[in-house]
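In what follows, a single structure is set out as structure tokens and then discussed.
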Amino acid sequence: MSIFDMGDYNFYVWSSVFVSMLALFLSYFDAKKKHKDATSTIRNMNKPK
Amino acid sequence: MNIYFQLFSREIRVAFKRWTDALTGFILFFLIAILFPLISDSNKEFLLTIVGPIMMFSAFFASMLSMQNMFKPDFQNGTIEQLMLSKGSFVSLILTKTIAYWLFTSLPLILISGLTASIYFVSASGILIIQLTLLLSTLTMVHINAFTAAITLGIRYPGALMTLIITPITLPILIFGSKTIENSILGADISGPLYFLTGMMMLSFFLGPWITASALKISMD
Amino acid sequence: MNLKKIYKYGSPPNFYRFAMKLEPWCLSLGLFLTAIGSIGGLFIAPKDYQMGDAFRIIYFHVPSAYLSMSAYAAMGIASIIGIVWRSNVAFAVAKSIAPFGALMTAVALITGMLWGKPMWGTAWVWDARLTSEFILLLLYFGYIALHATIKEQKRADRAASLLAILGIVNLPIIHYSVVWWNTLHQASTISKLDSPSIVGEMLWPLLLMIIGYMIFFIGVICRGGSAEVLMREKRSNWVKEV
């Protein structure tokens, strides 16, 4: 019995893991993108001086 | 006291001029309530289980219909700024406006609900409970409508946003309202959900005008 | 703690520098704790005698649900601070919490459904706790929608904050719903006053997950909040040096 096998509940447990990790990474990359957008906007504002 | 009475009578006169708004809500409520027994299999048990949610749901929708007209025309012709600068307390003036709004949009619903509920084979005492529940819940819902209208004041086409904002706040009222009606029909104890409804109504009377006034102040700058 | 020190961080440039420095620590520590907690919960903790392996979903369901509520509470408090003290930093933090909180609420609902389907045969039931958590999701959506719809930044901040403050009422309803009503959802296993009703070997991964999620949350807010502060302070001098 592989340690990764959760028996009858295999699908449910692993999809929960997947959804949770997906949410964590999505939020991180969303925050990163917002920051990148903000800095690039400010850089564009300040360049043609 | 004079200024509140003046505002109140002005609201009533304006509402009479825009009677089509109130009529639309009224007709919507009436239609939904009538159509359900007609289009579903109309045996008594089914209708009795469904009358609670339908009454609450149609009251909710009917009160949402003329929500935009609570503040938008007054905002456009500058009345709200006048109210803010006037002698009376802004919060109490909002309360007056809300009560006038309730009188015109929800009171007709409550009166006609007796007739519509009888289509669902509800007994006479059941009709009284339904009217009481609608009274309490519509009084709460008008405050929430006022807040939503105030907070979305400057936005063009706020329809979807208003629905999104108003739904989570109104959901508990709808749930407890239909629970009360359901309990009264089953003969179970209605005091639990009824006390909750009354509590929410009191809370909304205290908080509602204040938070609507804050929303209006934010939307006005 | 010196009160003056806290006021110092209320100013945008100090907040920005502090948050950007804090962020990598929080993110890595948070991910680290979450990883250990996941491994502990998925592989090391023993099987529950009633639920078998399905109970392991608790290690993902509880942290996200707990975080969905604490994130909203933080958003509400930040909104109050923003309105009362007219603080741009507070509004920025509140706005950056919203997408994360909404995501956590959605994860809580989804993992709850994935747990409920094999356990009680139904993915959803309209009991008090699930309904109020769903209401929380809608409150988050309304907050985000208000920010997106109102074009003027200051007005959007204050209007959305008002909505957030109104929604705080929902939080005690969610938390105490399992106490006040008979719901399908089970009662709390961890409470502040009693000893937990869950055994030690199963408890430690859960605590690690909750703490790991919270620290990760702080890390994400550091970066998101900094981005928001930048957008609000576009025209000031300290931003040009960044």
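Following the order of the structure tokens, chains are lettered A, B, ..., residues in each are numbered from 1, and ligands are numbered from 1.
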Write out as an NGL selection string the residues lying within 9 Å of Ile58 in chain C, counting only C-alpha atoms and excluding same-chain residues fewer than 3 positions away. :C and (41 or 54-55 or 61-63 or 111-112 or 115 or 206)
Contacts of chain B with chain C up to 8 Å, shortest pair per row, only C-alpha atoms, as a tab-separated table:
```
residue	atom	partner	partner_atom	distance
B:Ile151	CA	C:Ala159	CA	6.3
B:Ile155	CA	C:Ile150	CA	6.8
B:Leu161	CA	C:Ala145	CA	6.9
B:Leu164	CA	C:Gly142	CA	5.7
B:Ile165	CA	C:Gly142	CA	5.1
B:Thr167	CA	C:Leu138	CA	7.7
B:Pro168	CA	C:Ile135	CA	4.9
B:Ile169	CA	C:Gly167	CA	7.5
B:Leu171	CA	C:Ile135	CA	7.7
B:Ile211	CA	C:Leu162	CA	7.9
B:Ala215	CA	C:Ala159	CA	6.5
B:Ile218	CA	C:Arg155	CA	6.3
B:Ser219	CA	C:Arg155	CA	6.9
B:Asp221	CA	C:Arg155	CA	7.8
```
Kindly save the residues from that selection, with N, CA and C atoms included, as a PDB file, in the first residue's frame.
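Saved as selection20.pdb:
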```pdb
ATOM      1  N   ILE B 151     -24.736  53.839  -1.306  1.00  0.00           N
ATOM      2  CA  ILE B 151     -23.325  53.555  -1.520  1.00  0.00           C
ATOM      3  C   ILE B 151     -23.002  53.437  -3.009  1.00  0.00           C
ATOM      4  N   ILE B 155     -22.589  55.723  -9.505  1.00  0.00           N
ATOM      5  CA  ILE B 155     -22.181  54.748 -10.509  1.00  0.00           C
ATOM      6  C   ILE B 155     -23.242  54.636 -11.588  1.00  0.00           C
ATOM      7  N   LEU B 161     -24.198  45.401  -9.356  1.00  0.00           N
ATOM      8  CA  LEU B 161     -23.448  45.673  -8.128  1.00  0.00           C
ATOM      9  C   LEU B 161     -24.392  45.768  -6.940  1.00  0.00           C
ATOM     10  N   LEU B 164     -25.412  42.387  -5.880  1.00  0.00           N
ATOM     11  CA  LEU B 164     -24.310  41.690  -5.220  1.00  0.00           C
ATOM     12  C   LEU B 164     -24.124  42.175  -3.789  1.00  0.00           C
ATOM     13  N   ILE B 165     -24.315  43.487  -3.576  1.00  0.00           N
ATOM     14  CA  ILE B 165     -24.108  44.022  -2.229  1.00  0.00           C
ATOM     15  C   ILE B 165     -25.266  43.642  -1.334  1.00  0.00           C
ATOM     16  N   THR B 167     -27.494  41.187  -1.479  1.00  0.00           N
ATOM     17  CA  THR B 167     -27.851  39.792  -1.190  1.00  0.00           C
ATOM     18  C   THR B 167     -27.267  39.250   0.110  1.00  0.00           C
ATOM     19  N   PRO B 168     -25.942  39.375   0.366  1.00  0.00           N
ATOM     20  CA  PRO B 168     -25.470  38.767   1.607  1.00  0.00           C
ATOM     21  C   PRO B 168     -26.038  39.404   2.865  1.00  0.00           C
ATOM     22  N   ILE B 169     -26.397  40.706   2.783  1.00  0.00           N
ATOM     23  CA  ILE B 169     -26.912  41.359   3.982  1.00  0.00           C
ATOM     24  C   ILE B 169     -28.363  40.954   4.218  1.00  0.00           C
ATOM     25  N   LEU B 171     -29.841  38.151   3.137  1.00  0.00           N
ATOM     26  CA  LEU B 171     -30.092  36.709   3.207  1.00  0.00           C
ATOM     27  C   LEU B 171     -30.588  36.216   4.568  1.00  0.00           C
ATOM     28  N   ILE B 211     -25.799  54.509   8.912  1.00  0.00           N
ATOM     29  CA  ILE B 211     -24.828  54.018   7.932  1.00  0.00           C
ATOM     30  C   ILE B 211     -25.188  54.496   6.531  1.00  0.00           C
ATOM     31  N   ALA B 215     -22.806  56.630   4.047  1.00  0.00           N
ATOM     32  CA  ALA B 215     -22.599  56.267   2.648  1.00  0.00           C
ATOM     33  C   ALA B 215     -22.891  57.441   1.739  1.00  0.00           C
ATOM     34  N   ILE B 218     -20.081  59.890   1.796  1.00  0.00           N
ATOM     35  CA  ILE B 218     -18.954  59.410   0.991  1.00  0.00           C
ATOM     36  C   ILE B 218     -19.245  59.600  -0.489  1.00  0.00           C
ATOM     37  N   SER B 219     -20.490  59.335  -0.904  1.00  0.00           N
ATOM     38  CA  SER B 219     -20.798  59.416  -2.322  1.00  0.00           C
ATOM     39  C   SER B 219     -20.923  60.844  -2.803  1.00  0.00           C
ATOM     40  N   ASP B 221     -18.883  63.519  -2.098  1.00  0.00           N
ATOM     41  CA  ASP B 221     -17.701  64.334  -2.453  1.00  0.00           C
ATOM     42  C   ASP B 221     -17.291  64.037  -3.878  1.00  0.00           C
TER      43      ASP B 221
END
```
Which chain C residues have any atom within 6 Å of an atom of chain A, and for each, what is the nearest pair of atoms with distance in Å to one decimal, counting only C-alpha atoms, rows sorted by chain and number, as a tab-separated table?
```
residue	atom	partner	partner_atom	distance
C:Asp53	CA	A:Met6	CA	5.6
C:Ala54	CA	A:Tyr9	CA	5.5
C:Ile57	CA	A:Val13	CA	5.6
C:Phe100	CA	A:Ser27	CA	5.8
C:Thr111	CA	A:Ser16	CA	5.3
C:Leu114	CA	A:Tyr12	CA	5.5
C:Val220	CA	A:Tyr28	CA	5.7
C:Arg223	CA	A:Ala31	CA	5.9
C:Gly224	CA	A:Ala31	CA	4.6
C:Ala227	CA	A:His35	CA	4.4
C:Met231	CA	A:Ala38	CA	5.9
```
Written file, previous selection with all heavy atoms, as a tab-separated table (two decimals), in the first residue's frame:
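Generated file (selection_33.tsv):
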```
chain	number	residue	atom	x	y	z
C	53	ASP	N	-9.22	7.86	5.94
C	53	ASP	CA	-8.28	8.85	5.41
C	53	ASP	C	-8.96	10.16	5.07
C	53	ASP	O	-8.28	11.16	4.88
C	53	ASP	CB	-7.59	8.30	4.16
C	53	ASP	CG	-6.43	7.41	4.54
C	53	ASP	OD1	-5.64	7.84	5.39
C	53	ASP	OD2	-6.32	6.31	3.98
C	54	ALA	N	-10.28	10.18	4.94
C	54	ALA	CA	-10.93	11.40	4.49
C	54	ALA	C	-10.76	12.53	5.50
C	54	ALA	O	-10.80	13.70	5.14
C	54	ALA	CB	-12.43	11.14	4.28
C	57	ILE	N	-8.59	15.83	5.14
C	57	ILE	CA	-8.98	17.08	4.51
C	57	ILE	C	-9.03	18.20	5.54
C	57	ILE	O	-8.91	19.38	5.20
C	57	ILE	CB	-10.35	16.93	3.80
C	57	ILE	CG1	-10.24	15.84	2.74
C	57	ILE	CG2	-10.80	18.21	3.15
C	57	ILE	CD1	-11.50	15.63	1.96
C	100	PHE	N	-7.32	37.69	-1.38
C	100	PHE	CA	-6.82	36.53	-0.65
C	100	PHE	C	-7.91	35.93	0.22
C	100	PHE	O	-8.12	34.71	0.24
C	100	PHE	CB	-5.64	36.96	0.23
C	100	PHE	CG	-4.98	35.83	0.96
C	100	PHE	CD1	-4.02	35.06	0.34
C	100	PHE	CD2	-5.33	35.51	2.26
C	100	PHE	CE1	-3.42	34.02	1.00
C	100	PHE	CE2	-4.73	34.48	2.93
C	100	PHE	CZ	-3.77	33.72	2.30
C	111	THR	N	-13.26	22.62	-0.20
C	111	THR	CA	-12.76	21.47	0.57
C	111	THR	C	-13.84	20.93	1.49
C	111	THR	O	-13.91	19.72	1.73
C	111	THR	CB	-11.53	21.85	1.40
C	111	THR	OG1	-11.81	23.02	2.14
C	111	THR	CG2	-10.33	22.09	0.53
C	114	LEU	N	-15.83	18.73	-0.66
C	114	LEU	CA	-15.12	17.49	-0.96
C	114	LEU	C	-15.10	16.58	0.25
C	114	LEU	O	-15.03	15.36	0.11
C	114	LEU	CB	-13.68	17.82	-1.38
C	114	LEU	CG	-13.54	18.41	-2.77
C	114	LEU	CD1	-12.14	18.91	-2.98
C	114	LEU	CD2	-13.88	17.35	-3.81
C	220	VAL	N	1.88	37.62	1.86
C	220	VAL	CA	1.17	38.06	0.66
C	220	VAL	C	0.66	39.48	0.84
C	220	VAL	O	0.74	40.31	-0.08
C	220	VAL	CB	0.00	37.10	0.35
C	220	VAL	CG1	-0.89	37.67	-0.71
C	220	VAL	CG2	0.54	35.77	-0.10
C	223	ARG	N	3.31	42.17	0.24
C	223	ARG	CA	3.57	42.56	-1.14
C	223	ARG	C	2.36	43.25	-1.76
C	223	ARG	O	2.49	44.28	-2.42
C	223	ARG	CB	3.97	41.35	-1.98
C	223	ARG	CG	4.39	41.78	-3.36
C	223	ARG	CD	5.00	40.63	-4.13
C	223	ARG	NE	6.40	40.42	-3.81
C	223	ARG	CZ	7.40	41.00	-4.47
C	223	ARG	NH1	7.15	41.82	-5.44
C	223	ARG	NH2	8.63	40.75	-4.13
C	224	GLY	N	1.17	42.70	-1.54
C	224	GLY	CA	-0.03	43.31	-2.12
C	224	GLY	C	-0.27	44.70	-1.57
C	224	GLY	O	-0.59	45.64	-2.30
C	227	ALA	N	2.06	47.15	-3.07
C	227	ALA	CA	1.64	47.54	-4.41
C	227	ALA	C	0.54	48.60	-4.34
C	227	ALA	O	0.57	49.59	-5.07
C	227	ALA	CB	1.16	46.32	-5.19
C	231	MET	N	0.42	52.57	-5.66
C	231	MET	CA	-0.57	53.15	-6.55
C	231	MET	C	-1.23	54.38	-5.95
C	231	MET	O	-1.62	55.29	-6.66
C	231	MET	CB	-1.66	52.11	-6.87
C	231	MET	CG	-1.17	50.99	-7.74
C	231	MET	SD	-0.36	51.56	-9.22
C	231	MET	CE	-1.75	52.14	-10.15
```
Mind listing the helix (DSSP H, G or I) residues of chain A, per DSSP on the backbone, as a ChimeraX atom specification? /A:7-46
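Distance-wise, CA of Glu152 in chain C and CA of Leu153 in chain B end up 13.0 Å apart.
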Shell around range 128-143 of chain B at 9 Å using only C-alpha atoms, local window under 2 positions removed, as a PyMOL selection string: chain B and resi 52+55-56+59-60+63-64+67+95+98-99+101-102+106-107+109-111+113-114+117+123-126+145-148+170+173-174+177-178+180-181+184+194+197-198+200-205+207-209+212
Within 8 Å of Ile168 in chain C using only C-alpha atoms, minus same-chain residues under 4 positions, as a PyMOL selection string: chain C and resi 72-73+76+164+172
Write out, as a PDB file, in the first residue's frame, the residues just selected, with all heavy atoms.
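Output saved as again23.pdb:
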```
ATOM      1  N   TYR C  72     -11.106  38.520   6.992  1.00  0.00           N
ATOM      2  CA  TYR C  72     -12.187  39.507   6.949  1.00  0.00           C
ATOM      3  C   TYR C  72     -12.127  40.402   8.165  1.00  0.00           C
ATOM      4  O   TYR C  72     -12.346  41.617   8.062  1.00  0.00           O
ATOM      5  CB  TYR C  72     -13.548  38.813   6.868  1.00  0.00           C
ATOM      6  CG  TYR C  72     -14.619  39.777   6.457  1.00  0.00           C
ATOM      7  CD1 TYR C  72     -14.938  39.946   5.128  1.00  0.00           C
ATOM      8  CD2 TYR C  72     -15.281  40.560   7.389  1.00  0.00           C
ATOM      9  CE1 TYR C  72     -15.897  40.847   4.730  1.00  0.00           C
ATOM     10  CE2 TYR C  72     -16.231  41.477   7.008  1.00  0.00           C
ATOM     11  CZ  TYR C  72     -16.536  41.615   5.678  1.00  0.00           C
ATOM     12  OH  TYR C  72     -17.474  42.524   5.287  1.00  0.00           O
ATOM     13  N   ALA C  73     -11.827  39.828   9.326  1.00  0.00           N
ATOM     14  CA  ALA C  73     -11.712  40.651  10.530  1.00  0.00           C
ATOM     15  C   ALA C  73     -10.601  41.677  10.357  1.00  0.00           C
ATOM     16  O   ALA C  73     -10.771  42.859  10.696  1.00  0.00           O
ATOM     17  CB  ALA C  73     -11.430  39.766  11.745  1.00  0.00           C
ATOM     18  N   GLY C  76     -11.792  44.319   8.100  1.00  0.00           N
ATOM     19  CA  GLY C  76     -12.709  45.223   8.788  1.00  0.00           C
ATOM     20  C   GLY C  76     -11.979  46.195   9.683  1.00  0.00           C
ATOM     21  O   GLY C  76     -12.269  47.393   9.701  1.00  0.00           O
ATOM     22  N   ALA C 164     -17.355  46.786   4.252  1.00  0.00           N
ATOM     23  CA  ALA C 164     -16.611  45.797   5.030  1.00  0.00           C
ATOM     24  C   ALA C 164     -17.017  45.859   6.500  1.00  0.00           C
ATOM     25  O   ALA C 164     -17.202  44.827   7.153  1.00  0.00           O
ATOM     26  CB  ALA C 164     -15.114  46.034   4.886  1.00  0.00           C
ATOM     27  N   PRO C 172     -19.264  36.812  13.878  1.00  0.00           N
ATOM     28  CA  PRO C 172     -19.708  36.007  15.030  1.00  0.00           C
ATOM     29  C   PRO C 172     -20.802  35.008  14.674  1.00  0.00           C
ATOM     30  O   PRO C 172     -20.892  33.945  15.304  1.00  0.00           O
ATOM     31  CB  PRO C 172     -20.225  37.039  16.031  1.00  0.00           C
ATOM     32  CG  PRO C 172     -20.180  38.331  15.386  1.00  0.00           C
ATOM     33  CD  PRO C 172     -19.408  38.245  14.145  1.00  0.00           C
TER      34      PRO C 172
END
```
Might you pull out every residue within 7 Å of Leu33 in chain C, with only C-alpha atoms counted and same-chain residues fewer than 5 positions away left off, and present them as a PyMOL selection string? chain C and resi 208-209+212
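In this structure, CA of Ala22 in chain B sits 12.2 Å away from CA of Phe61 in chain B.
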